[in-house]
>>> print(open('structure_22.tsv').read())   # TSV, C-alpha atoms
chain	number	residue	atom	x	y	z
A	22	MET	CA	11.66	-10.89	-5.54
A	23	GLU	CA	7.92	-11.63	-5.74
A	24	PRO	CA	6.41	-11.98	-9.26
A	25	ILE	CA	4.00	-9.13	-8.45
A	26	HIS	CA	7.01	-6.75	-8.38
A	27	THR	CA	8.49	-7.78	-11.74
A	28	ASN	CA	6.72	-5.15	-13.84
A	29	ILE	CA	7.18	-2.16	-11.55
A	30	LEU	CA	10.90	-2.92	-11.27
A	31	LYS	CA	11.21	-3.11	-15.07
A	32	HIS	CA	9.24	0.14	-15.29
A	33	ILE	CA	11.67	1.87	-12.92
A	34	ASN	CA	14.71	0.30	-14.51
A	35	LYS	CA	13.90	2.12	-17.77
A	36	VAL	CA	14.75	5.39	-15.98
A	37	ILE	CA	17.16	4.66	-13.11
A	38	GLU	CA	19.40	1.73	-12.18
A	39	LEU	CA	18.86	0.10	-8.79
A	40	SER	CA	21.12	-2.30	-6.89
A	41	GLU	CA	19.58	-5.49	-5.46
A	42	ASP	CA	19.46	-3.91	-1.99
A	43	GLU	CA	17.75	-0.80	-3.34
A	44	LYS	CA	15.18	-2.95	-5.16
A	45	GLN	CA	14.46	-4.81	-1.89
A	46	GLU	CA	14.09	-1.57	-0.01
A	47	PHE	CA	11.79	-0.13	-2.66
A	48	VAL	CA	9.45	-3.13	-2.87
A	49	SER	CA	9.27	-3.30	0.92
A	50	ILE	CA	7.28	-0.03	0.96
A	51	LEU	CA	4.78	-1.13	-1.71
A	52	GLU	CA	1.29	-2.05	-0.54
A	53	GLU	CA	-0.61	-4.64	-2.52
A	54	ARG	CA	-4.20	-3.63	-3.16
A	55	LYS	CA	-6.90	-5.66	-4.91
A	56	VAL	CA	-9.97	-3.75	-6.02
A	57	SER	CA	-12.98	-5.33	-7.70
A	58	LYS	CA	-14.71	-4.10	-10.83
A	59	LYS	CA	-17.05	-1.16	-10.09
A	60	ASP	CA	-15.46	-0.53	-6.68
A	61	PHE	CA	-14.02	2.87	-5.86
A	62	LEU	CA	-10.35	3.30	-5.07
A	63	ILE	CA	-10.90	6.98	-4.20
A	64	GLN	CA	-14.03	9.07	-3.62
A	65	PRO	CA	-14.50	12.83	-3.10
A	66	GLY	CA	-13.63	13.88	0.44
A	67	ASP	CA	-11.19	11.00	0.98
A	68	PHE	CA	-7.81	11.68	2.50
A	69	VAL	CA	-5.42	10.52	-0.25
A	70	ASP	CA	-2.13	9.26	1.17
A	71	SER	CA	-1.09	7.01	-1.73
A	72	GLU	CA	-0.49	6.89	-5.45
A	73	TYR	CA	-0.96	3.60	-7.29
A	74	TYR	CA	0.91	1.63	-9.93
A	75	VAL	CA	-1.34	-0.66	-12.00
A	76	VAL	CA	-0.06	-4.27	-12.13
A	77	SER	CA	-3.23	-5.43	-13.90
A	78	GLY	CA	-6.67	-4.05	-14.57
A	79	CYS	CA	-8.16	-0.80	-15.78
A	80	LEU	CA	-9.33	2.30	-13.90
A	81	GLU	CA	-10.77	5.69	-14.65
A	82	ALA	CA	-10.59	8.96	-12.71
A	83	TYR	CA	-13.42	11.46	-13.14
A	84	TYR	CA	-14.87	14.60	-11.69
A	85	LEU	CA	-18.61	14.74	-11.07
A	86	ASP	CA	-19.91	18.27	-11.60
A	87	GLU	CA	-22.78	19.97	-9.75
A	88	SER	CA	-25.30	18.72	-12.31
A	89	GLY	CA	-24.09	15.14	-11.79
A	90	ASN	CA	-22.22	14.91	-15.10
A	91	PRO	CA	-18.93	13.01	-15.02
A	92	HIS	CA	-15.80	14.43	-16.70
A	93	ILE	CA	-13.13	11.76	-17.17
A	94	ILE	CA	-9.65	13.15	-16.62
A	95	GLN	CA	-7.57	9.96	-16.81
A	96	PHE	CA	-7.59	6.26	-17.59
A	97	ALA	CA	-4.97	3.88	-16.22
A	98	VAL	CA	-4.07	0.40	-17.44
A	99	GLU	CA	-1.05	-1.84	-16.81
A	100	ASP	CA	2.18	0.11	-16.17
A	101	TRP	CA	0.41	3.44	-15.49
A	102	TRP	CA	0.09	5.41	-12.26
A	103	ILE	CA	-3.19	6.74	-10.90
A	104	SER	CA	-4.44	8.72	-7.91
A	105	ASP	CA	-6.13	12.02	-7.20
A	106	PHE	CA	-2.72	13.62	-7.71
A	107	GLU	CA	-3.84	17.07	-6.60
A	108	ALA	CA	-5.09	15.69	-3.26
A	109	PHE	CA	-2.02	13.45	-2.92
A	110	PHE	CA	0.47	16.23	-3.64
A	111	ASN	CA	-1.24	19.16	-1.90
A	112	GLU	CA	-2.56	17.08	1.03
A	113	THR	CA	-6.09	18.27	0.43
A	114	SER	CA	-9.16	16.04	0.34
A	115	ALA	CA	-10.05	14.23	-2.89
A	116	LYS	CA	-12.20	15.90	-5.55
A	117	LEU	CA	-12.15	12.94	-7.93
A	118	HIS	CA	-13.73	9.52	-8.14
A	119	VAL	CA	-11.27	6.78	-9.10
A	120	VAL	CA	-13.19	3.62	-10.04
A	121	CYS	CA	-12.08	0.20	-11.28
A	122	ILE	CA	-13.67	-0.75	-14.57
A	123	GLU	CA	-12.04	-4.20	-14.37
A	124	ASP	CA	-10.86	-6.21	-11.34
A	125	SER	CA	-7.52	-4.55	-10.63
A	126	LEU	CA	-4.29	-5.35	-8.83
A	127	LEU	CA	-2.40	-2.26	-7.67
A	128	LEU	CA	0.76	-1.38	-5.81
A	129	GLY	CA	0.30	1.65	-3.58
A	130	ILE	CA	3.05	3.96	-2.38
A	131	ASN	CA	2.32	5.86	0.76
A	132	LYS	CA	3.43	9.49	0.84
A	133	ALA	CA	5.29	9.28	4.17
A	134	ALA	CA	7.13	6.13	3.04
A	135	LEU	CA	7.98	7.82	-0.25
A	136	GLU	CA	9.52	10.81	1.54
A	137	ILE	CA	11.74	8.43	3.54
A	138	LEU	CA	12.66	6.63	0.31
A	139	TYR	CA	13.69	9.96	-1.29
A	140	LYS	CA	16.07	10.56	1.61
A	141	ARG	CA	17.52	7.05	1.60
A	142	ILE	CA	17.72	6.55	-2.20
A	143	PRO	CA	17.76	10.00	-3.85
A	144	LYS	CA	17.69	8.40	-7.32
A	145	PHE	CA	13.94	8.12	-6.81
A	146	GLU	CA	13.75	11.93	-6.93
A	147	ARG	CA	15.10	11.57	-10.47
A	148	PHE	CA	12.68	8.77	-11.34
A	149	PHE	CA	9.59	10.69	-10.23
A	150	ARG	CA	10.90	13.97	-11.69
A	151	ILE	CA	11.16	12.34	-15.10
A	152	LYS	CA	7.80	10.52	-14.83
A	153	THR	CA	6.03	13.70	-13.69
A	154	THR	CA	7.63	15.84	-16.39
A	155	SER	CA	6.47	13.33	-18.94
A	156	ALA	CA	2.91	13.39	-17.51
A	157	PHE	CA	2.97	17.21	-17.48
A	158	VAL	CA	4.09	17.39	-21.10
A	159	ALA	CA	1.46	14.81	-22.15
A	160	LEU	CA	-1.28	16.76	-20.37
A	161	ARG	CA	-0.18	20.02	-22.04
A	162	SER	CA	-0.23	18.30	-25.36
A	163	ARG	CA	-3.77	17.02	-24.57
A	164	VAL	CA	-4.89	20.58	-23.76
A	165	LEU	CA	-3.45	21.80	-27.07
A	166	SER	CA	-5.14	18.94	-28.94
A	167	THR	CA	-8.51	19.87	-27.45
A	168	LEU	CA	-8.00	23.42	-28.67
A	169	GLN	CA	-7.06	22.70	-32.23
A	170	LYS	CA	-7.29	19.11	-33.42
A	171	SER	CA	-10.31	17.46	-35.04
A	172	SER	CA	-12.27	14.83	-33.09
A	173	LYS	CA	-10.90	12.19	-35.44
A	174	ASP	CA	-7.25	13.18	-34.84
A	175	ARG	CA	-7.86	13.24	-31.11
A	176	TYR	CA	-9.35	9.74	-31.22
A	177	ILE	CA	-6.27	8.50	-33.12
A	178	GLU	CA	-3.99	10.20	-30.59
A	179	PHE	CA	-6.00	8.59	-27.78
A	180	CYS	CA	-5.53	5.11	-29.31
A	181	GLU	CA	-1.77	5.75	-29.47
A	182	THR	CA	-1.57	6.99	-25.88
A	183	TYR	CA	-3.69	4.15	-24.49
A	184	PRO	CA	-3.00	1.20	-26.85
A	185	ASN	CA	-5.79	-1.38	-26.81
A	186	ILE	CA	-7.82	0.46	-24.24
A	187	GLU	CA	-10.60	1.15	-26.73
A	188	LYS	CA	-11.71	-2.48	-26.26
A	189	ARG	CA	-11.71	-2.24	-22.46
A	190	VAL	CA	-13.69	0.91	-21.76
A	191	THR	CA	-17.09	1.97	-23.03
A	192	ASN	CA	-17.71	4.15	-26.04
A	193	TYR	CA	-19.36	6.58	-23.63
A	194	SER	CA	-16.18	6.85	-21.50
A	195	ILE	CA	-13.89	7.50	-24.45
A	196	ALA	CA	-16.27	10.12	-25.86
A	197	ASN	CA	-16.48	11.77	-22.44
A	198	TYR	CA	-12.67	11.82	-22.11
A	199	LEU	CA	-12.33	13.36	-25.58
A	200	GLY	CA	-15.12	15.87	-24.91
A	201	ILE	CA	-17.21	14.74	-27.90
A	202	LYS	CA	-20.66	13.18	-28.29
A	203	PRO	CA	-20.89	9.34	-28.19
A	204	GLU	CA	-22.63	9.44	-31.60
A	205	SER	CA	-19.72	11.38	-33.13
A	206	LEU	CA	-17.26	8.86	-31.70
A	207	SER	CA	-19.25	5.92	-33.15
A	208	ARG	CA	-19.09	7.57	-36.58
A	209	ILE	CA	-15.33	8.14	-36.27
A	210	ARG	CA	-14.69	4.55	-35.12
A	211	LYS	CA	-16.76	3.10	-37.99
A	212	ALA	CA	-14.97	5.26	-40.53
A	213	SER	CA	-11.50	4.34	-39.25
A	214	ARG	CA	-12.05	0.56	-39.36
B	21	MET	CA	26.40	36.95	-5.77
B	22	GLU	CA	25.08	39.25	-8.51
B	23	PRO	CA	21.78	41.09	-7.78
B	24	ILE	CA	20.26	39.42	-10.86
B	25	HIS	CA	20.51	36.06	-9.05
B	26	THR	CA	18.80	37.15	-5.81
B	27	ASN	CA	15.27	36.15	-6.79
B	28	ILE	CA	16.01	32.78	-8.37
B	29	LEU	CA	18.07	31.77	-5.32
B	30	LYS	CA	15.20	32.76	-3.00
B	31	HIS	CA	12.83	30.82	-5.27
B	32	ILE	CA	14.99	27.68	-4.99
B	33	ASN	CA	15.61	28.13	-1.30
B	34	LYS	CA	11.86	27.72	-0.67
B	35	VAL	CA	12.24	24.07	-1.73
B	36	ILE	CA	15.85	22.97	-1.13
B	37	GLU	CA	18.75	24.30	0.91
B	38	LEU	CA	21.97	25.13	-0.92
B	39	SER	CA	25.44	25.78	0.48
B	40	GLU	CA	27.36	28.86	-0.74
B	41	ASP	CA	29.44	26.65	-3.09
B	42	GLU	CA	26.32	25.03	-4.51
B	43	LYS	CA	24.75	28.46	-5.08
B	44	GLN	CA	27.90	29.56	-6.95
B	45	GLU	CA	27.88	26.44	-9.08
B	46	PHE	CA	24.19	26.85	-9.87
B	47	VAL	CA	24.37	30.51	-10.90
B	48	SER	CA	27.44	29.77	-13.04
B	49	ILE	CA	25.26	27.78	-15.47
B	50	LEU	CA	22.58	30.47	-15.81
B	51	GLU	CA	22.52	32.47	-19.03
B	52	GLU	CA	21.25	36.04	-18.86
B	53	ARG	CA	18.87	36.86	-21.67
B	54	LYS	CA	17.24	40.21	-22.43
B	55	VAL	CA	14.29	40.13	-24.79
B	56	SER	CA	12.42	43.22	-25.94
B	57	LYS	CA	8.66	43.68	-25.96
B	58	LYS	CA	7.05	41.96	-29.00
B	59	ASP	CA	10.18	39.87	-29.68
B	60	PHE	CA	9.95	36.09	-29.79
B	61	LEU	CA	11.89	33.95	-27.34
B	62	ILE	CA	10.78	30.77	-29.17
B	63	GLN	CA	9.11	30.15	-32.53
B	64	PRO	CA	7.72	26.95	-34.10
B	65	GLY	CA	10.48	24.79	-35.55
B	66	ASP	CA	13.14	26.11	-33.15
B	67	PHE	CA	15.43	23.67	-31.37
B	68	VAL	CA	14.66	24.35	-27.70
B	69	ASP	CA	17.66	23.68	-25.49
B	70	SER	CA	16.71	25.92	-22.55
B	71	GLU	CA	14.00	26.69	-20.05
B	72	TYR	CA	13.74	30.21	-18.64
B	73	TYR	CA	13.18	31.78	-15.24
B	74	VAL	CA	11.59	35.24	-15.39
B	75	VAL	CA	13.55	37.86	-13.39
B	76	SER	CA	11.35	40.67	-14.72
B	77	GLY	CA	8.83	41.12	-17.50
B	78	CYS	CA	5.87	39.23	-18.86
B	79	LEU	CA	5.59	36.58	-21.58
B	80	GLU	CA	2.93	34.43	-23.19
B	81	ALA	CA	3.17	31.04	-24.88
B	82	TYR	CA	0.63	30.17	-27.55
B	83	TYR	CA	-0.12	27.72	-30.29
B	84	LEU	CA	-1.19	29.06	-33.68
B	85	ASP	CA	-3.67	26.67	-35.34
B	86	GLU	CA	-4.04	26.00	-39.06
B	87	SER	CA	-6.59	28.80	-39.42
B	88	GLY	CA	-4.15	31.25	-37.84
B	89	ASN	CA	-5.97	31.48	-34.49
B	90	PRO	CA	-3.77	31.68	-31.40
B	91	HIS	CA	-4.48	29.52	-28.33
B	92	ILE	CA	-2.66	30.81	-25.25
B	93	ILE	CA	-1.41	27.97	-23.07
B	94	GLN	CA	0.63	29.88	-20.50
B	95	PHE	CA	1.59	33.30	-19.19
B	96	ALA	CA	4.76	33.92	-17.21
B	97	VAL	CA	5.65	36.83	-14.96
B	98	GLU	CA	8.32	37.35	-12.29
B	99	ASP	CA	9.30	34.10	-10.51
B	100	TRP	CA	7.71	31.79	-13.12
B	101	TRP	CA	9.35	29.42	-15.60
B	102	ILE	CA	8.57	29.34	-19.30
B	103	SER	CA	9.64	27.42	-22.40
B	104	ASP	CA	8.11	25.10	-24.96
B	105	PHE	CA	8.37	22.36	-22.32
B	106	GLU	CA	7.34	19.57	-24.67
B	107	ALA	CA	10.13	20.47	-27.12
B	108	PHE	CA	12.60	21.01	-24.27
B	109	PHE	CA	11.82	17.71	-22.55
B	110	ASN	CA	11.30	15.46	-25.59
B	111	GLU	CA	14.03	17.12	-27.68
B	112	THR	CA	11.61	17.76	-30.53
B	113	SER	CA	11.27	21.03	-32.43
B	114	ALA	CA	9.08	23.78	-30.98
B	115	LYS	CA	5.34	23.92	-31.71
B	116	LEU	CA	4.71	27.05	-29.67
B	117	HIS	CA	5.38	30.75	-29.98
B	118	VAL	CA	6.76	32.33	-26.81
B	119	VAL	CA	6.58	36.11	-27.08
B	120	CYS	CA	7.50	38.92	-24.68
B	121	ILE	CA	4.62	41.23	-23.98
B	122	GLU	CA	6.90	43.50	-21.92
B	123	ASP	CA	10.69	43.97	-22.07
B	124	SER	CA	11.89	40.92	-20.15
B	125	LEU	CA	14.98	39.79	-18.31
B	126	LEU	CA	15.35	36.02	-18.17
B	127	LEU	CA	17.75	33.44	-16.81
B	128	GLY	CA	18.07	30.43	-19.12
B	129	ILE	CA	19.17	26.95	-18.09
B	130	ASN	CA	20.59	24.84	-20.84
B	131	LYS	CA	19.54	21.18	-20.86
B	132	ALA	CA	23.07	19.73	-21.07
B	133	ALA	CA	24.26	21.97	-18.21
B	134	LEU	CA	21.20	20.95	-16.19
B	135	GLU	CA	21.99	17.24	-16.64
B	136	ILE	CA	25.51	17.87	-15.32
B	137	LEU	CA	24.05	19.85	-12.42
B	138	TYR	CA	21.75	16.90	-11.55
B	139	LYS	CA	24.80	14.64	-11.31
B	140	ARG	CA	26.87	17.07	-9.26
B	141	ILE	CA	24.09	18.38	-6.97
B	142	PRO	CA	21.28	15.76	-6.91
B	143	LYS	CA	19.14	18.03	-4.71
B	144	PHE	CA	18.16	19.77	-7.95
B	145	GLU	CA	16.34	16.58	-8.99
B	146	ARG	CA	14.18	17.18	-5.92
B	147	PHE	CA	13.71	20.87	-6.71
B	148	PHE	CA	12.55	20.25	-10.27
B	149	ARG	CA	10.47	17.20	-9.25
B	150	ILE	CA	8.52	19.36	-6.82
B	151	LYS	CA	8.17	22.31	-9.24
B	152	THR	CA	7.02	20.02	-12.05
B	153	THR	CA	4.56	18.15	-9.85
B	154	SER	CA	3.10	21.46	-8.81
B	155	ALA	CA	2.80	22.57	-12.48
B	156	PHE	CA	1.21	19.22	-13.39
B	157	VAL	CA	-1.35	19.50	-10.59
B	158	ALA	CA	-2.13	23.13	-11.53
B	159	LEU	CA	-2.64	22.15	-15.18
B	160	ARG	CA	-4.95	19.27	-14.21
B	161	SER	CA	-6.93	21.62	-12.07
B	162	ARG	CA	-7.15	24.05	-15.02
B	163	VAL	CA	-8.46	21.24	-17.25
B	164	LEU	CA	-11.08	20.40	-14.63
B	165	SER	CA	-12.05	24.07	-14.30
B	166	THR	CA	-12.59	24.33	-18.04
B	167	LEU	CA	-14.90	21.33	-17.86
B	168	GLN	CA	-17.10	22.44	-15.02
B	169	LYS	CA	-16.64	25.96	-13.71
B	170	SER	CA	-18.43	29.08	-14.87
B	171	SER	CA	-16.52	31.72	-16.84
B	172	LYS	CA	-16.75	34.01	-13.84
B	173	ASP	CA	-15.24	31.45	-11.44
B	174	ARG	CA	-12.47	30.74	-13.93
B	175	TYR	CA	-11.67	34.43	-14.21
B	176	ILE	CA	-11.44	34.67	-10.41
B	177	GLU	CA	-9.19	31.59	-10.32
B	178	PHE	CA	-7.03	33.16	-13.05
B	179	CYS	CA	-6.60	36.36	-11.01
B	180	GLU	CA	-5.50	34.24	-8.03
B	181	THR	CA	-3.03	32.19	-10.08
B	182	TYR	CA	-1.54	35.21	-11.84
B	183	PRO	CA	-1.92	38.04	-9.31
B	184	ASN	CA	-1.92	41.49	-10.91
B	185	ILE	CA	-1.41	40.12	-14.40
B	186	GLU	CA	-4.83	41.37	-15.50
B	187	LYS	CA	-3.31	44.85	-15.76
B	188	ARG	CA	-0.34	43.68	-17.83
B	189	VAL	CA	-1.94	41.62	-20.59
B	190	THR	CA	-4.79	42.49	-22.93
B	191	ASN	CA	-8.41	41.61	-22.35
B	192	TYR	CA	-8.16	39.60	-25.56
B	193	SER	CA	-5.28	37.47	-24.20
B	194	ILE	CA	-7.03	36.65	-20.93
B	195	ALA	CA	-10.25	35.74	-22.76
B	196	ASN	CA	-8.26	33.54	-25.15
B	197	TYR	CA	-6.50	31.78	-22.27
B	198	LEU	CA	-9.83	31.17	-20.53
B	199	GLY	CA	-11.47	30.03	-23.78
B	200	ILE	CA	-14.25	32.63	-23.59
B	201	LYS	CA	-15.27	35.58	-25.78
B	202	PRO	CA	-13.63	38.97	-25.06
B	203	GLU	CA	-17.15	40.50	-24.69
B	204	SER	CA	-18.04	37.94	-22.00
B	205	LEU	CA	-14.82	38.72	-20.15
B	206	SER	CA	-15.52	42.48	-20.26
B	207	ARG	CA	-18.95	41.86	-18.70
B	208	ILE	CA	-17.44	39.66	-15.96
B	209	ARG	CA	-14.72	42.22	-15.18
B	210	LYS	CA	-17.23	45.09	-14.97
B	211	ALA	CA	-19.51	43.08	-12.68
B	212	SER	CA	-16.67	42.08	-10.34
B	213	ARG	CA	-15.35	45.62	-9.78
>>> encode(input="structure_22.tsv", output="structure tokens")
Amino acid sequence: MEPIHTNILKHINKVIELSEDEKQEFVSILEERKVSKKDFLIQPGDFVDSEYYVVSGCLEAYYLDESGNPHIIQFAVEDWWISDFEAFFNETSAKLHVVCIEDSLLLGINKAALEILYKRIPKFERFFRIKTTSAFVALRSRVLSTLQKSSKDRYIEFCETYPNIEKRVTNYSIANYLGIKPESLSRIRKASR
Amino acid sequence: MEPIHTNILKHINKVIELSEDEKQEFVSILEERKVSKKDFLIQPGDFVDSEYYVVSGCLEAYYLDESGNPHIIQFAVEDWWISDFEAFFNETSAKLHVVCIEDSLLLGINKAALEILYKRIPKFERFFRIKTTSAFVALRSRVLSTLQKSSKDRYIEFCETYPNIEKRVTNYSIANYLGIKPESLSRIRKASR
């Protein structure tokens, strides 16, 4: 097995057990993708045929509204998945920008290859069911936090969800993600040091 | 097959194909549950061991914040699923209220029975993977709508997502779900007639 596949196999092994042959078959469909800092992985209008596992690096996904204001919907660092999931799942064109904020090494899974994998190794249905349920529950909990938690509590929750990311992305990005003003975030960060 | 199972089997058949034996096995784990208007299906602190398919009726799930203000996170009508999914999936105690706003007939699936079902009929992993992905994508799209669409566009989107529900729930509930003032919603509804 190549070293580049070590982490994704560990990541999968936390949920389902794979034989050596199944591991080989799985890694054979992965597509290595290097993207430089500031480059876009996905842009609005793109046809999105892959979702991506982050081996190393840091990315953000955002929506640019009609007035040109970005709204960050997701960050991804090592061991996370990223894509324009709506476009990927519904086979519609992308609405989001996904940009690398550090040089990033990704493993892409193509949708057609994934469908074949589901047929050949149905355990992957279980793996992605559990990962997606977990993402769904986390997103619901984020919606609830926005409705009722203080900015400070949401910043703390953010630091728990994305450990160490606060040093890798800008103050502006975190504030945008949390839906608060950059000045408010600076105050919260100073007070919690 | 009992008439009460007709709709849920149709609902599943849209995604996976089941043999007659598999249908029998599936319906054997369903628990019929009748809940009267205004009664709670789930309350904060409850241990949530089931998720529910709505055969008939209408429910809403909301979070009550520290000041006693409700924040509606989901409605469910015929052919939808409802629960406190975070509590159900993470095996934590409920944070949400789930209340019936009409007399409702539900089919509950218990988590332990579902895990056995996954082992015996792995196609259900696929069914719930696809349903959950679709819920995840819909929730992400709702988060994006909140960030950038006008109240009017969000009301239109709501009517598309929950067809005919606007006649079954109060103006107050819809406004709460959309995060706008009831007066604003009344204006939008008058203007769109």
>>> interface_residues(input="structure_22.tsv", of="chain A", to="chain B", cutoff="8 Å", atoms="all atoms listed in the file", output="list in words")
Tyr84, Asp86, His92, Ile94, Phe106, Glu107, Phe110, Pro143, Glu146, Arg147, Phe149, Arg150, Ile151, Thr153, Thr154, Ser155, Ala156, Phe157, Val158, Ala159, Leu160, Arg161, Ser162, Val164, Leu165, Leu168 and Gln169 of chain A
>>> closest_atom_pairs(input="structure_22.tsv", of="segment 135-197 of chain A", to="segment 46-56 of chain A", cutoff="10 Å", atoms="all atoms listed in the file", output="Markdown table")
| residue | atom | partner | partner_atom | distance |
| --- | --- | --- | --- | --- |
| A:Leu135 | CA | A:Ile50 | CA | 8.0 |
| A:Ile137 | CA | A:Ile50 | CA | 9.9 |
| A:Leu138 | CA | A:Phe47 | CA | 7.4 |
| A:Arg141 | CA | A:Glu46 | CA | 9.4 |
| A:Ile142 | CA | A:Phe47 | CA | 8.9 |
| A:Phe145 | CA | A:Phe47 | CA | 9.5 |
>>> write_last_selection(input="structure_22.tsv", atoms="C-alpha atoms", output="tab-separated table (two decimals), keeping the file's coordinate frame")
chain	number	residue	atom	x	y	z
A	135	LEU	CA	7.98	7.82	-0.25
A	137	ILE	CA	11.74	8.43	3.54
A	138	LEU	CA	12.66	6.63	0.31
A	141	ARG	CA	17.52	7.05	1.60
A	142	ILE	CA	17.72	6.55	-2.20
A	145	PHE	CA	13.94	8.12	-6.81
>>> residues_around(input="structure_22.tsv", residues="Val190 of chain A", least_positions_apart="3", cutoff="10 Å", atoms="all atoms listed in the file", output="PDB file with C-alpha atoms, in the frame of the given file")
ATOM      1  CA  CYS A  79      -8.160  -0.800 -15.780  1.00  0.00           C
ATOM      2  CA  LEU A  80      -9.330   2.300 -13.900  1.00  0.00           C
ATOM      3  CA  GLU A  81     -10.770   5.690 -14.650  1.00  0.00           C
ATOM      4  CA  PHE A  96      -7.590   6.260 -17.590  1.00  0.00           C
ATOM      5  CA  ILE A 122     -13.670  -0.750 -14.570  1.00  0.00           C
ATOM      6  CA  GLU A 123     -12.040  -4.200 -14.370  1.00  0.00           C
ATOM      7  CA  ASN A 185      -5.790  -1.380 -26.810  1.00  0.00           C
ATOM      8  CA  ILE A 186      -7.820   0.460 -24.240  1.00  0.00           C
ATOM      9  CA  GLU A 187     -10.600   1.150 -26.730  1.00  0.00           C
ATOM     10  CA  TYR A 193     -19.360   6.580 -23.630  1.00  0.00           C
ATOM     11  CA  SER A 194     -16.180   6.850 -21.500  1.00  0.00           C
ATOM     12  CA  ILE A 195     -13.890   7.500 -24.450  1.00  0.00           C
TER      13      ILE A 195
END
>>> residues_near_point(input="structure_22.tsv", point="(15.2, 34.2, -12.3)", cutoff="7 Å", atoms="all atoms listed in the file", output="VMD selection string")
chain B and resid 25 27 to 28 73 to 75 99 126 to 127
>>> write_last_selection(input="structure_22.tsv", atoms="C-alpha atoms", output="mmCIF file, keeping the file's coordinate frame")
data_model
loop_
_atom_site.group_PDB
_atom_site.id
_atom_site.type_symbol
_atom_site.label_atom_id
_atom_site.label_comp_id
_atom_site.auth_asym_id
_atom_site.auth_seq_id
_atom_site.Cartn_x
_atom_site.Cartn_y
_atom_site.Cartn_z
ATOM 1 C CA HIS B 25 20.510 36.060 -9.050
ATOM 2 C CA ASN B 27 15.270 36.150 -6.790
ATOM 3 C CA ILE B 28 16.010 32.780 -8.370
ATOM 4 C CA TYR B 73 13.180 31.780 -15.240
ATOM 5 C CA VAL B 74 11.590 35.240 -15.390
ATOM 6 C CA VAL B 75 13.550 37.860 -13.390
ATOM 7 C CA ASP B 99 9.300 34.100 -10.510
ATOM 8 C CA LEU B 126 15.350 36.020 -18.170
ATOM 9 C CA LEU B 127 17.750 33.440 -16.810
#
>>> closest_residue(input="structure_22.tsv", among="A:Val98, A:Leu62, A:Leu30, A:Ala82", to="Thr182 of chain A", atoms="all atoms listed in the file")
A:Val98
>>> closest_residue(input="structure_22.tsv", among="B:Lys58, B:His31, B:Lys115, B:Arg209", to="Arg174 of chain B", atoms="all atoms listed in the file")
B:Arg209
>>> atom_distance(input="structure_22.tsv", atom1="atom CA of Ile208 of chain B", atom2="atom CA of Lys187 of chain B")
15.1 Å
>>> atom_distance(input="structure_22.tsv", atom1="atom CA of Phe61 of chain A", atom2="atom CA of Cys121 of chain A")
6.3 Å
>>> residues_around(input="structure_22.tsv", residues="Pro65 of chain A", least_positions_apart="4", cutoff="8 Å", atoms="all atoms listed in the file", output="JSON, numbers by chain")
{"A": [114, 115, 116, 117, 118]}
>>> write_last_selection(input="structure_22.tsv", atoms="C-alpha atoms", output="compact mmCIF listing (two decimals), keeping the file's coordinate frame")
# COMPACT_ATOMS: atom_id res chain seq x y z
CA SER A 114 -9.16 16.04 0.34
CA ALA A 115 -10.05 14.23 -2.89
CA LYS A 116 -12.20 15.90 -5.55
CA LEU A 117 -12.15 12.94 -7.93
CA HIS A 118 -13.73 9.52 -8.14
>>> residues_around(input="structure_22.tsv", residues="Asn131 of chain A", least_positions_apart="4", cutoff="7 Å", atoms="only C-alpha atoms", output="list in words")
Asp70, Ser71, Glu72 and Leu135 of chain A
>>> atom_distance(input="structure_22.tsv", atom1="atom CA of Ile24 of chain B", atom2="atom CA of Ser76 of chain B")
9.8 Å
>>> closest_residue(input="structure_22.tsv", among="A:Glu41, A:Glu136, A:Gly78, A:Asn197", to="Trp101 of chain A", atoms="all atoms listed in the file")
A:Gly78
>>> decode(input="structure_22.tsv", residues="segment 46-53 of chain B", atoms="N, CA and C atoms", output="PDB file, in the first residue's frame")
ATOM      1  N   PHE B  46     -39.018  -6.547   7.195  1.00  0.00           N
ATOM      2  CA  PHE B  46     -38.951  -5.120   7.505  1.00  0.00           C
ATOM      3  C   PHE B  46     -40.172  -4.668   8.312  1.00  0.00           C
ATOM      4  N   VAL B  47     -41.365  -4.987   7.830  1.00  0.00           N
ATOM      5  CA  VAL B  47     -42.555  -4.474   8.541  1.00  0.00           C
ATOM      6  C   VAL B  47     -42.692  -5.097   9.931  1.00  0.00           C
ATOM      7  N   SER B  48     -42.087  -6.272  10.123  1.00  0.00           N
ATOM      8  CA  SER B  48     -42.188  -6.913  11.445  1.00  0.00           C
ATOM      9  C   SER B  48     -41.454  -6.118  12.536  1.00  0.00           C
ATOM     10  N   ILE B  49     -40.506  -5.251  12.152  1.00  0.00           N
ATOM     11  CA  ILE B  49     -39.808  -4.475  13.186  1.00  0.00           C
ATOM     12  C   ILE B  49     -40.449  -3.100  13.421  1.00  0.00           C
ATOM     13  N   LEU B  50     -41.456  -2.759  12.616  1.00  0.00           N
ATOM     14  CA  LEU B  50     -42.077  -1.435  12.766  1.00  0.00           C
ATOM     15  C   LEU B  50     -43.036  -1.419  13.946  1.00  0.00           C
ATOM     16  N   GLU B  51     -43.007  -0.337  14.692  1.00  0.00           N
ATOM     17  CA  GLU B  51     -43.922  -0.207  15.832  1.00  0.00           C
ATOM     18  C   GLU B  51     -44.919   0.909  15.564  1.00  0.00           C
ATOM     19  N   GLU B  52     -46.211   0.516  15.567  1.00  0.00           N
ATOM     20  CA  GLU B  52     -47.274   1.485  15.313  1.00  0.00           C
ATOM     21  C   GLU B  52     -47.409   2.403  16.526  1.00  0.00           C
ATOM     22  N   ARG B  53     -47.542   3.698  16.255  1.00  0.00           N
ATOM     23  CA  ARG B  53     -47.637   4.639  17.359  1.00  0.00           C
ATOM     24  C   ARG B  53     -48.653   5.716  17.001  1.00  0.00           C
TER      25      ARG B  53
END
